$ cat query.tsv   # TSV, C-alpha atoms
chain	number	residue	atom	x	y	z
A	992	MET	CA	0.00	0.00	0.00
A	993	THR	CA	1.29	3.45	-0.92
A	994	VAL	CA	1.07	6.05	1.81
A	995	ALA	CA	0.78	9.64	0.64
A	996	ALA	CA	3.37	12.04	1.96
A	997	PRO	CA	1.97	14.63	4.38
A	998	THR	CA	1.13	17.97	2.82
A	999	PRO	CA	3.56	20.63	4.06
A	1000	ARG	CA	1.94	23.37	6.13
A	1001	ALA	CA	2.95	27.00	6.03
A	1002	GLY	CA	4.23	27.33	9.57
A	1003	LEU	CA	5.57	30.34	11.44
A	1004	ALA	CA	9.01	30.05	9.82
A	1005	ALA	CA	7.46	30.51	6.38
A	1006	ARG	CA	6.05	33.87	7.50
A	1007	LEU	CA	9.36	35.23	8.78
A	1008	PRO	CA	12.01	37.09	6.78
A	1009	ALA	CA	15.29	35.35	6.02
A	1010	PHE	CA	17.87	35.42	8.81
A	1011	PRO	CA	19.85	38.58	7.92
A	1012	TRP	CA	23.37	37.24	8.46
A	1013	ASP	CA	22.77	34.44	5.96
A	1014	SER	CA	22.86	37.08	3.23
A	1015	LEU	CA	26.51	37.87	4.06
A	1016	ALA	CA	27.70	34.49	2.77
A	1017	GLN	CA	29.19	35.85	-0.47
A	1018	ALA	CA	30.89	38.79	1.23
A	1019	LYS	CA	32.31	36.41	3.84
A	1020	THR	CA	33.66	34.17	1.11
A	1021	THR	CA	35.33	37.18	-0.51
A	1022	ALA	CA	36.83	38.32	2.80
A	1023	ASN	CA	38.06	34.81	3.56
A	1024	GLY	CA	40.02	34.95	0.33
A	1025	HIS	CA	42.35	37.68	1.63
A	1026	PRO	CA	45.96	36.40	1.77
A	1027	ASP	CA	46.22	37.39	5.45
A	1028	GLY	CA	42.80	36.00	6.35
A	1029	ILE	CA	39.46	37.54	7.23
A	1030	VAL	CA	38.89	40.19	9.88
A	1031	ASP	CA	35.29	39.47	10.89
A	1032	LEU	CA	33.73	42.58	12.44
A	1033	SER	CA	30.18	41.68	11.44
A	1034	VAL	CA	28.95	39.96	14.60
A	1035	GLY	CA	29.56	41.19	18.13
A	1036	THR	CA	30.66	37.89	19.61
A	1037	PRO	CA	33.32	38.09	22.35
A	1038	VAL	CA	36.75	36.64	21.57
A	1039	ASP	CA	38.58	37.21	24.86
A	1040	PRO	CA	38.77	34.66	27.70
A	1041	THR	CA	35.95	34.21	30.18
A	1042	PRO	CA	37.20	35.54	33.56
A	1043	PRO	CA	39.17	32.91	35.49
A	1044	SER	CA	36.93	33.39	38.54
A	1045	VAL	CA	33.91	32.41	36.47
A	1046	GLN	CA	35.61	29.43	34.85
A	1047	ALA	CA	36.62	28.14	38.28
A	1048	ALA	CA	33.09	28.56	39.62
A	1049	LEU	CA	31.65	26.68	36.66
A	1050	ALA	CA	34.07	23.78	37.10
A	1051	ALA	CA	33.39	23.56	40.83
A	1052	ALA	CA	29.63	23.41	40.18
A	1053	ALA	CA	29.82	20.74	37.48
A	1054	ASP	CA	28.26	17.98	39.60
A	1055	ARG	CA	24.59	19.01	39.45
A	1056	PRO	CA	22.41	15.94	38.88
A	1057	GLY	CA	19.14	17.61	39.86
A	1058	TYR	CA	16.94	20.09	38.03
A	1059	PRO	CA	17.66	23.80	38.50
A	1060	THR	CA	14.88	26.21	39.41
A	1061	THR	CA	13.48	28.80	37.01
A	1062	VAL	CA	13.59	31.51	39.66
A	1063	GLY	CA	17.30	30.88	40.34
A	1064	THR	CA	19.23	30.10	43.48
A	1065	ALA	CA	18.95	32.37	46.49
A	1066	GLU	CA	22.60	33.33	46.00
A	1067	LEU	CA	22.01	34.29	42.37
A	1068	ARG	CA	18.95	36.39	43.18
A	1069	THR	CA	20.87	38.22	45.89
A	1070	ALA	CA	23.71	38.87	43.44
A	1071	LEU	CA	21.25	40.16	40.84
A	1072	VAL	CA	19.71	42.62	43.28
A	1073	ASP	CA	23.15	43.81	44.38
A	1074	PHE	CA	24.25	44.24	40.75
A	1075	VAL	CA	21.27	46.36	39.63
A	1076	ARG	CA	21.58	48.53	42.73
A	1077	ARG	CA	25.32	49.09	42.11
A	1078	HIS	CA	25.31	49.42	38.34
A	1079	ARG	CA	21.77	50.32	37.23
A	1080	ALA	CA	20.79	52.65	40.09
A	1081	ALA	CA	17.88	50.42	41.11
A	1082	PRO	CA	15.99	51.71	44.17
A	1083	GLU	CA	16.07	49.94	47.51
A	1084	GLN	CA	12.54	48.59	47.06
A	1085	LEU	CA	13.78	46.35	44.24
A	1086	ASP	CA	14.36	43.05	45.99
A	1087	GLU	CA	14.54	39.36	45.07
A	1088	THR	CA	10.92	39.37	43.87
A	1089	GLY	CA	11.89	41.77	41.10
A	1090	VAL	CA	14.72	39.81	39.46
A	1091	LEU	CA	14.75	36.70	37.28
A	1092	PRO	CA	17.60	34.94	35.42
A	1093	THR	CA	17.04	34.20	31.74
A	1094	VAL	CA	18.65	31.91	29.18
A	1095	GLY	CA	20.50	34.76	27.48
A	1096	SER	CA	18.85	38.07	26.63
A	1097	LYS	CA	17.90	37.27	23.01
A	1098	GLU	CA	15.59	34.52	24.23
A	1099	LEU	CA	13.79	36.99	26.48
A	1100	VAL	CA	13.61	39.71	23.82
A	1101	ALA	CA	12.14	37.27	21.30
A	1102	HIS	CA	9.58	35.79	23.69
A	1103	LEU	CA	8.66	38.71	25.97
A	1104	PRO	CA	5.50	39.64	24.00
A	1105	PHE	CA	4.27	36.04	24.28
A	1106	GLN	CA	5.10	35.81	27.97
A	1107	LEU	CA	3.19	39.06	28.61
A	1108	GLY	CA	0.11	37.78	26.78
A	1109	ILE	CA	0.45	40.12	23.81
A	1110	GLY	CA	-1.12	38.91	20.57
A	1111	PRO	CA	-2.99	39.80	17.37
A	1112	GLY	CA	-4.43	43.31	17.41
A	1113	ASP	CA	-1.78	44.53	19.84
A	1114	VAL	CA	1.24	46.66	18.94
A	1115	VAL	CA	4.88	46.22	19.99
A	1116	ALA	CA	6.96	49.38	19.50
A	1117	PHE	CA	10.75	49.59	19.37
A	1118	PRO	CA	13.55	51.89	18.09
A	1119	HIS	CA	13.46	52.61	14.35
A	1120	ILE	CA	17.10	51.54	14.07
A	1121	ALA	CA	17.35	48.44	16.20
A	1122	TYR	CA	18.32	44.89	16.93
A	1123	PRO	CA	15.95	42.90	14.67
A	1124	THR	CA	14.76	40.56	17.44
A	1125	TYR	CA	12.36	43.20	18.80
A	1126	ASP	CA	10.53	43.00	15.48
A	1127	MET	CA	10.67	39.18	15.52
A	1128	GLY	CA	9.08	39.07	18.98
A	1129	ALA	CA	6.08	40.97	17.64
A	1130	ARG	CA	5.83	38.73	14.58
A	1131	PHE	CA	5.97	35.55	16.65
A	1132	VAL	CA	2.70	36.45	18.38
A	1133	GLY	CA	0.97	38.08	15.41
A	1134	ALA	CA	1.20	41.59	16.87
A	1135	GLN	CA	1.92	44.71	14.82
A	1136	ALA	CA	5.56	45.83	14.88
A	1137	LEU	CA	5.97	49.61	15.14
A	1138	PRO	CA	9.42	51.22	14.70
A	1139	LEU	CA	9.68	54.63	16.43
A	1140	ASP	CA	12.25	57.41	16.69
A	1141	LEU	CA	12.65	57.37	20.47
A	1142	ALA	CA	14.48	60.70	20.68
A	1143	ALA	CA	11.54	62.26	18.84
A	1144	LEU	CA	9.10	60.45	21.13
A	1145	ALA	CA	10.88	61.88	24.17
A	1146	ALA	CA	10.70	65.39	22.71
A	1147	HIS	CA	7.29	65.40	21.06
A	1148	GLY	CA	5.18	62.58	22.53
A	1149	ASP	CA	2.22	61.53	20.39
A	1150	ALA	CA	3.33	63.77	17.53
A	1151	ALA	CA	6.31	61.45	16.96
A	1152	LEU	CA	4.06	58.53	16.04
A	1153	PRO	CA	3.35	57.90	12.34
A	1154	ASP	CA	-0.28	57.15	13.23
A	1155	THR	CA	-1.71	58.20	16.58
A	1156	ALA	CA	-4.60	55.77	16.07
A	1157	VAL	CA	-2.30	52.95	17.24
A	1158	ILE	CA	-1.65	54.46	20.68
A	1159	GLY	CA	-4.46	52.55	22.36
A	1160	ARG	CA	-3.10	49.28	21.00
A	1161	ILE	CA	0.55	49.63	22.05
A	1162	ARG	CA	1.14	47.10	24.81
A	1163	LEU	CA	4.92	47.03	24.92
A	1164	LEU	CA	7.60	49.61	24.16
A	1165	TRP	CA	11.21	48.48	23.84
A	1166	LEU	CA	14.04	50.88	24.67
A	1167	ASN	CA	17.66	50.12	23.80
A	1168	SER	CA	20.27	52.43	25.24
A	1169	PRO	CA	23.09	52.13	24.34
A	1170	SER	CA	21.69	51.17	20.97
A	1171	ASN	CA	22.65	48.13	19.01
A	1172	PRO	CA	23.72	49.06	16.32
A	1173	SER	CA	24.17	52.83	16.57
A	1174	GLY	CA	25.60	53.20	20.09
A	1175	GLU	CA	23.26	56.14	20.75
A	1176	VAL	CA	22.55	56.82	24.43
A	1177	LEU	CA	19.33	58.33	25.77
A	1178	ASP	CA	19.92	60.61	28.74
A	1179	ALA	CA	17.92	60.49	31.97
A	1180	ALA	CA	15.58	63.30	30.93
A	1181	GLN	CA	14.76	61.59	27.63
A	1182	LEU	CA	14.15	58.26	29.33
A	1183	ALA	CA	11.97	59.91	31.98
A	1184	ALA	CA	9.86	61.62	29.31
A	1185	ILE	CA	9.32	58.30	27.51
A	1186	VAL	CA	8.44	56.46	30.73
A	1187	THR	CA	5.94	59.15	31.69
A	1188	TRP	CA	4.37	59.02	28.23
A	1189	ALA	CA	4.11	55.23	28.35
A	1190	ARG	CA	2.69	55.07	31.87
A	1191	GLU	CA	-0.03	57.57	31.03
A	1192	ARG	CA	-1.13	55.19	28.28
A	1193	GLY	CA	-0.77	51.91	30.16
A	1194	ILE	CA	2.21	50.74	28.08
A	1195	ILE	CA	4.84	48.40	29.54
A	1196	VAL	CA	8.40	49.66	29.01
A	1197	ALA	CA	11.18	47.10	28.56
A	1198	SER	CA	14.68	48.56	28.42
A	1199	ASP	CA	17.46	46.52	26.83
A	1200	GLU	CA	20.62	47.77	28.59
A	1201	CYS	CA	23.09	45.04	27.62
A	1202	TYR	CA	25.86	47.49	26.64
A	1203	ALA	CA	25.41	49.91	29.52
A	1204	LEU	CA	28.79	49.26	31.18
A	1205	LEU	CA	30.67	50.16	27.98
A	1206	PRO	CA	30.47	53.99	27.82
A	1207	TRP	CA	32.97	55.94	25.69
A	1208	THR	CA	31.99	59.53	24.98
A	1209	VAL	CA	29.30	59.94	27.64
A	1210	SER	CA	29.73	60.17	31.39
A	1211	GLU	CA	26.90	57.75	32.15
A	1212	VAL	CA	24.33	55.42	30.62
A	1213	PRO	CA	21.15	55.84	32.69
A	1214	SER	CA	18.84	52.92	33.41
A	1215	VAL	CA	15.08	52.74	33.30
A	1216	LEU	CA	15.36	51.66	36.95
A	1217	ASP	CA	17.09	54.93	37.95
A	1218	PRO	CA	14.78	57.05	40.17
A	1219	ARG	CA	15.51	60.03	37.90
A	1220	VAL	CA	13.79	58.05	35.16
A	1221	SER	CA	11.26	55.96	37.05
A	1222	GLY	CA	10.28	58.50	39.69
A	1223	GLY	CA	11.31	55.89	42.25
A	1224	GLU	CA	8.51	53.53	41.20
A	1225	LEU	CA	9.00	50.23	39.36
A	1226	GLU	CA	5.46	49.84	38.04
A	1227	GLY	CA	5.35	48.93	34.36
A	1228	LEU	CA	9.15	48.83	33.96
A	1229	LEU	CA	11.54	46.03	33.04
A	1230	CYS	CA	15.32	46.22	32.63
A	1231	VAL	CA	16.95	43.50	30.51
A	1232	TYR	CA	20.66	42.86	30.94
A	1233	SER	CA	23.24	40.34	29.73
A	1234	LEU	CA	26.70	39.33	30.89
A	1235	SER	CA	27.68	38.26	27.36
A	1236	LYS	CA	29.49	41.50	26.57
A	1237	GLN	CA	30.87	42.80	29.84
A	1238	SER	CA	32.10	39.41	31.08
A	1239	ASN	CA	32.62	37.39	27.87
A	1240	LEU	CA	29.81	35.00	28.80
A	1241	ALA	CA	28.03	34.78	25.45
A	1242	GLY	CA	28.55	31.02	25.45
A	1243	TYR	CA	27.03	30.73	28.94
A	1244	ARG	CA	23.71	32.40	27.97
A	1245	ALA	CA	23.67	34.31	31.26
A	1246	ALA	CA	21.23	37.21	31.44
A	1247	PHE	CA	18.39	38.53	33.57
A	1248	VAL	CA	15.36	40.78	33.77
A	1249	ALA	CA	14.72	43.14	36.69
A	1250	GLY	CA	11.97	45.60	37.58
A	1251	ASP	CA	8.28	45.60	38.43
A	1252	PRO	CA	7.72	42.59	40.75
A	1253	ALA	CA	4.23	42.05	39.36
A	1254	LEU	CA	5.54	41.78	35.79
A	1255	VAL	CA	8.49	39.64	36.86
A	1256	GLY	CA	6.03	37.38	38.65
A	1257	GLU	CA	4.01	36.99	35.45
A	1258	LEU	CA	7.13	36.04	33.53
A	1259	LEU	CA	8.16	33.55	36.23
A	1260	ALA	CA	4.77	31.84	36.12
A	1261	VAL	CA	4.93	31.38	32.35
A	1262	ARG	CA	8.58	30.37	32.30
A	1263	LYS	CA	8.07	27.71	34.99
A	1264	GLN	CA	5.36	26.13	32.88
A	1265	ALA	CA	7.66	26.16	29.83
A	1266	GLY	CA	10.71	24.80	31.67
A	1267	MET	CA	12.82	27.86	30.84
A	1268	MET	CA	15.58	27.26	33.38
A	1269	LEU	CA	19.16	28.50	33.42
A	1270	PRO	CA	21.36	25.40	34.00
A	1271	GLY	CA	22.52	25.00	37.60
A	1272	PRO	CA	26.27	25.27	36.97
A	1273	ILE	CA	25.67	28.42	34.91
A	1274	GLN	CA	23.69	29.94	37.78
A	1275	THR	CA	26.69	29.42	40.06
A	1276	ALA	CA	29.11	30.89	37.52
A	1277	MET	CA	26.79	33.83	36.85
A	1278	THR	CA	26.63	34.60	40.58
A	1279	VAL	CA	30.41	34.97	40.62
A	1280	ALA	CA	30.49	37.02	37.39
A	1281	LEU	CA	27.96	39.51	38.78
A	1282	GLY	CA	30.35	40.31	41.61
A	1283	ASP	CA	33.58	40.42	39.61
A	1284	ASP	CA	33.68	44.12	38.77
A	1285	ASP	CA	37.45	44.05	38.23
A	1286	ALA	CA	37.12	41.59	35.34
A	1287	ALA	CA	34.39	43.67	33.72
A	1288	ALA	CA	36.43	46.86	34.09
A	1289	GLY	CA	39.46	45.17	32.59
A	1290	GLN	CA	37.46	43.98	29.59
A	1291	ARG	CA	36.13	47.49	29.07
A	1292	GLU	CA	39.67	48.80	28.79
A	1293	ILE	CA	40.50	46.14	26.21
A	1294	TYR	CA	37.59	47.33	24.08
A	1295	ARG	CA	38.63	50.94	24.65
A	1296	SER	CA	42.08	50.25	23.20
A	1297	ARG	CA	40.60	48.47	20.18
A	1298	ARG	CA	38.23	51.35	19.58
A	1299	GLU	CA	41.17	53.79	19.72
A	1300	VAL	CA	42.78	51.86	16.86
A	1301	LEU	CA	39.73	51.22	14.70
A	1302	GLU	CA	37.78	54.50	14.91
A	1303	PRO	CA	40.54	56.79	13.53
A	1304	ALA	CA	41.25	54.21	10.83
A	1305	LEU	CA	37.63	54.34	9.69
A	1306	ARG	CA	37.67	58.14	9.67
A	1307	ALA	CA	40.97	58.28	7.78
A	1308	ALA	CA	39.47	55.97	5.16
A	1309	GLY	CA	36.65	58.46	4.57
A	1310	GLY	CA	34.10	57.06	6.95
A	1311	GLU	CA	31.91	59.14	9.25
A	1312	VAL	CA	31.20	57.58	12.63
A	1313	HIS	CA	27.79	58.56	14.00
A	1314	GLY	CA	26.47	57.98	17.52
A	1315	SER	CA	28.67	55.20	18.91
A	1316	GLN	CA	28.71	56.87	22.33
A	1317	ALA	CA	28.78	53.48	24.05
A	1318	GLY	CA	28.73	49.78	23.28
A	1319	LEU	CA	30.69	47.50	20.98
A	1320	TYR	CA	30.07	49.02	17.55
A	1321	LEU	CA	31.09	51.92	15.35
A	1322	TRP	CA	28.05	53.05	13.31
A	1323	THR	CA	29.75	54.23	10.14
A	1324	THR	CA	28.81	55.62	6.74
A	1325	PHE	CA	30.99	56.11	3.69
A	1326	GLY	CA	28.29	58.13	1.90
A	1327	GLU	CA	27.15	55.17	-0.20
A	1328	LYS	CA	24.74	52.25	0.03
A	1329	ALA	CA	25.56	49.88	2.85
A	1330	LEU	CA	25.96	46.87	0.59
A	1331	THR	CA	28.45	48.78	-1.54
A	1332	THR	CA	30.55	49.39	1.57
A	1333	VAL	CA	30.19	45.76	2.65
A	1334	ASP	CA	31.44	44.52	-0.72
A	1335	ARG	CA	34.32	46.99	-0.90
A	1336	LEU	CA	35.51	46.17	2.61
A	1337	ALA	CA	35.13	42.45	1.93
A	1338	GLY	CA	37.62	42.98	-0.92
A	1339	LEU	CA	40.07	44.07	1.77
A	1340	GLY	CA	39.29	41.01	3.86
A	1341	VAL	CA	37.17	42.95	6.37
A	1342	LEU	CA	33.58	41.81	6.98
A	1343	VAL	CA	31.02	44.23	8.45
A	1344	ALA	CA	27.24	44.20	8.84
A	1345	PRO	CA	25.06	46.36	6.56
A	1346	GLY	CA	22.84	48.87	8.33
A	1347	MET	CA	19.59	47.76	6.70
A	1348	PHE	CA	19.72	44.69	8.94
A	1349	TYR	CA	18.61	47.11	11.67
A	1350	GLY	CA	15.90	49.05	9.84
A	1351	GLU	CA	15.25	51.05	6.70
A	1352	ASP	CA	16.98	54.13	8.11
A	1353	GLY	CA	20.24	52.21	8.33
A	1354	GLY	CA	20.60	51.79	4.58
A	1355	ALA	CA	23.68	54.02	4.24
A	1356	PHE	CA	25.50	52.68	7.31
A	1357	VAL	CA	27.55	49.68	8.32
A	1358	ARG	CA	27.99	48.32	11.84
A	1359	VAL	CA	31.64	47.69	12.65
A	1360	ALA	CA	32.25	45.56	15.75
A	1361	LEU	CA	35.11	45.91	18.21
A	1362	THR	CA	34.95	42.19	18.98
A	1363	ALA	CA	38.09	40.87	17.35
A	1364	THR	CA	41.55	40.22	18.74
A	1365	ASP	CA	44.05	43.04	19.01
A	1366	GLU	CA	45.97	41.53	16.09
A	1367	ARG	CA	42.87	41.39	13.85
A	1368	ILE	CA	41.83	44.93	14.78
A	1369	ALA	CA	45.31	46.16	13.86
A	1370	ALA	CA	45.09	44.25	10.57
A	1371	ALA	CA	41.75	45.90	9.79
A	1372	ALA	CA	43.21	49.35	10.48
A	1373	GLN	CA	46.09	48.67	8.12
A	1374	ARG	CA	43.76	47.47	5.37
A	1375	LEU	CA	41.47	50.49	5.76
A	1376	ALA	CA	44.41	52.67	4.80
A	1377	ARG	CA	43.93	51.20	1.30
A	1378	TYR	CA	40.15	51.69	1.18

$ encode --input "query.tsv" --output "structure tokens"
Amino acid sequence: MTVAAPTPRAGLAARLPAFPWDSLAQAKTTANGHPDGIVDLSVGTPVDPTPPSVQAALAAAADRPGYPTTVGTAELRTALVDFVRRHRAAPEQLDETGVLPTVGSKELVAHLPFQLGIGPGDVVAFPHIAYPTYDMGARFVGAQALPLDLAALAAHGDAALPDTAVIGRIRLLWLNSPSNPSGEVLDAAQLAAIVTWARERGIIVASDECYALLPWTVSEVPSVLDPRVSGGELEGLLCVYSLSKQSNLAGYRAAFVAGDPALVGELLAVRKQAGMMLPGPIQTAMTVALGDDDAAAGQREIYRSRREVLEPALRAAGGEVHGSQAGLYLWTTFGEKALTTVDRLAGLGVLVAPGMFYGEDGGAFVRVALTATDERIAAAAQRLARY
């Protein structure tokens, strides 16, 4: 008997755009052909060692036969509270009920709309030049994705929206300061204006602050948890943070969310049902990383030195670096289409990411990462002299 093959169904994946970095395959092949090898500045993945203190903690915690908890160990929750009070100006009322470890920050960004019960008919807003996963999170649940100029929103409120008819449907507003990709930083007054606007309309504000401990040309990177921004109240606010960048823990998937205990409680309830647990040994290692400020400060200085090599090389080659006040990227334009720049730099063996990956307004920019070894950064600077 012949059994008919099942008819393929158009699932969620069929409704999503292609993964952006897949389109760099040809440029990567070109760059790989350079006699001295590729300098890959397209993805911000850390290349330096994980701090020894964290490696030792992970090894010591390797024997964990039981299941971890979604909420995290008591030691980890205490370390999270201490971290956001020290580094994100969280008020004293933020305690262990307002923090939750997550399996990296991208997982949370992608699934936050679902975990908050957002769906078709609702709107998820985010920066108009932004990490594409904010958009994906809206698409996953069938919500409308709404890119916004957040500086304009801070200054002009409703007038900054392309269509004020959507205001009543916005359920979630993402902030990202410092921005990935542009490195732009919103100051405390701008953040406070946005939070006030959102609260008056019943909109949850989630602030992605993963690059906050990497400032360059600004004196501070304020948090949504800062009383100057929040008014001392946590209601409706979430801060998302990752140790991938500051502590070279991208491979550990160690991140967290902190803020409104009621919202954190909602996320915990959903995540327990879904089994979204940070592995036990990683929880132990993350606890140590949260307290190792010396390692994070040392890594920041490594990135500072790489920036001091790469930024002037880009400018000398005719590039204009915009924003880039903090974070791991130099948001650069050569006055041409982004893909033209990508192809020309690939001919020099340097791979960068085109700005349209991050929104239509990025079409003339490329994102140049600082995440390569000192030797590769120096090689890129030398090659740019021939751009």

$ closest_residue --input "query.tsv" --among "A:Arg1219, A:Lys1097, A:Arg1298, A:Arg1358" --to "Phe1325 of chain A" --atoms "all atoms listed in the file"
A:Arg1358

$ closest_atom_pairs --input "query.tsv" --of "segment 1229-1254 of chain A" --to "segment 1057-1067 of chain A" --cutoff "12 Å" --atoms "all atoms listed in the file" --output "Markdown table"
| residue | atom | partner | partner_atom | distance |
| --- | --- | --- | --- | --- |
| A:Ala1245 | CA | A:Leu1067 | CA | 11.2 |
| A:Ala1246 | CA | A:Leu1067 | CA | 11.3 |
| A:Phe1247 | CA | A:Gly1063 | CA | 10.3 |
| A:Val1248 | CA | A:Val1062 | CA | 11.1 |

$ write_last_selection --input "query.tsv" --atoms "C-alpha atoms" --output "compact mmCIF listing (two decimals), in the coordinates of the input"
# COMPACT_ATOMS: atom_id res chain seq x y z
CA ALA A 1245 23.67 34.31 31.26
CA ALA A 1246 21.23 37.21 31.44
CA PHE A 1247 18.39 38.53 33.57
CA VAL A 1248 15.36 40.78 33.77

$ atom_distance --input "query.tsv" --atom1 "atom CA of Ile1120 of chain A" --atom2 "atom CA of Ser1033 of chain A"
16.6 Å

$ residues_near_point --input "query.tsv" --point "(2.2, 48.1, 19.2)" --cutoff "9 Å" --atoms "only C-alpha atoms" --output "PyMOL selection string"
chain A and resi 1112-1117+1129+1134-1137+1157-1164

$ write_last_selection --input "query.tsv" --atoms "C-alpha atoms" --output "mmCIF file, in the coordinates of the input"
data_model
loop_
_atom_site.group_PDB
_atom_site.id
_atom_site.type_symbol
_atom_site.label_atom_id
_atom_site.label_comp_id
_atom_site.auth_asym_id
_atom_site.auth_seq_id
_atom_site.Cartn_x
_atom_site.Cartn_y
_atom_site.Cartn_z
ATOM 1 C CA GLY A 1112 -4.430 43.310 17.410
ATOM 2 C CA ASP A 1113 -1.780 44.530 19.840
ATOM 3 C CA VAL A 1114 1.240 46.660 18.940
ATOM 4 C CA VAL A 1115 4.880 46.220 19.990
ATOM 5 C CA ALA A 1116 6.960 49.380 19.500
ATOM 6 C CA PHE A 1117 10.750 49.590 19.370
ATOM 7 C CA ALA A 1129 6.080 40.970 17.640
ATOM 8 C CA ALA A 1134 1.200 41.590 16.870
ATOM 9 C CA GLN A 1135 1.920 44.710 14.820
ATOM 10 C CA ALA A 1136 5.560 45.830 14.880
ATOM 11 C CA LEU A 1137 5.970 49.610 15.140
ATOM 12 C CA VAL A 1157 -2.300 52.950 17.240
ATOM 13 C CA ILE A 1158 -1.650 54.460 20.680
ATOM 14 C CA GLY A 1159 -4.460 52.550 22.360
ATOM 15 C CA ARG A 1160 -3.100 49.280 21.000
ATOM 16 C CA ILE A 1161 0.550 49.630 22.050
ATOM 17 C CA ARG A 1162 1.140 47.100 24.810
ATOM 18 C CA LEU A 1163 4.920 47.030 24.920
ATOM 19 C CA LEU A 1164 7.600 49.610 24.160
#

$ closest_residue --input "query.tsv" --among "A:Arg1297, A:Arg1055, A:Lys1019, A:Arg1006" --to "Asp1334 of chain A" --atoms "all atoms listed in the file"
A:Lys1019

$ closest_residue --input "query.tsv" --among "A:Gly1110, A:Gly1256, A:Gly1223, A:Gly1089" --to "Val1072 of chain A" --atoms "only C-alpha atoms"
A:Gly1089

$ axis_aligned_box --input "query.tsv" --around "segment 1098-1106 of chain A" --padding-each-side "5 Å" --output "lines of an AutoDock Vina configuration file"
center_x = 9.9
center_y = 37.1
center_z = 24.6
size_x = 21.3
size_y = 15.2
size_z = 16.7

$ residues_around --input "query.tsv" --residues "segment 1305-1307 of chain A" --least-positions-apart "6" --cutoff "12 Å" --atoms "only C-alpha atoms" --output "VMD selection string"
chain A and resid 1298 to 1299 1313 1321 to 1325 1332 1336 1341 1357 to 1360 1368 to 1369 1371 to 1378

$ atom_distance --input "query.tsv" --atom1 "atom CA of Leu1107 of chain A" --atom2 "atom CA of Pro1082 of chain A"
23.8 Å

$ residues_near_point --input "query.tsv" --point "(35.9, 31.7, 35.1)" --cutoff "10 Å" --atoms "all atoms listed in the file" --output "ChimeraX atom specification"
/A:1040-1050,1238-1240,1276-1277,1279-1280,1286

$ residues_around --input "query.tsv" --residues "segment 1344-1356 of chain A" --least-positions-apart "6" --cutoff "9 Å" --atoms "all atoms listed in the file" --output "count of residues only"
25

$ residues_around --input "query.tsv" --residues "Ser1221 of chain A" --least-positions-apart "3" --cutoff "12 Å" --atoms "only C-alpha atoms" --output "PyMOL selection string"
chain A and resi 1079-1082+1179-1190+1196+1198+1213-1218+1224-1230+1250-1251

$ atom_distance --input "query.tsv" --atom1 "atom CA of Val1212 of chain A" --atom2 "atom CA of Ser1315 of chain A"
12.5 Å
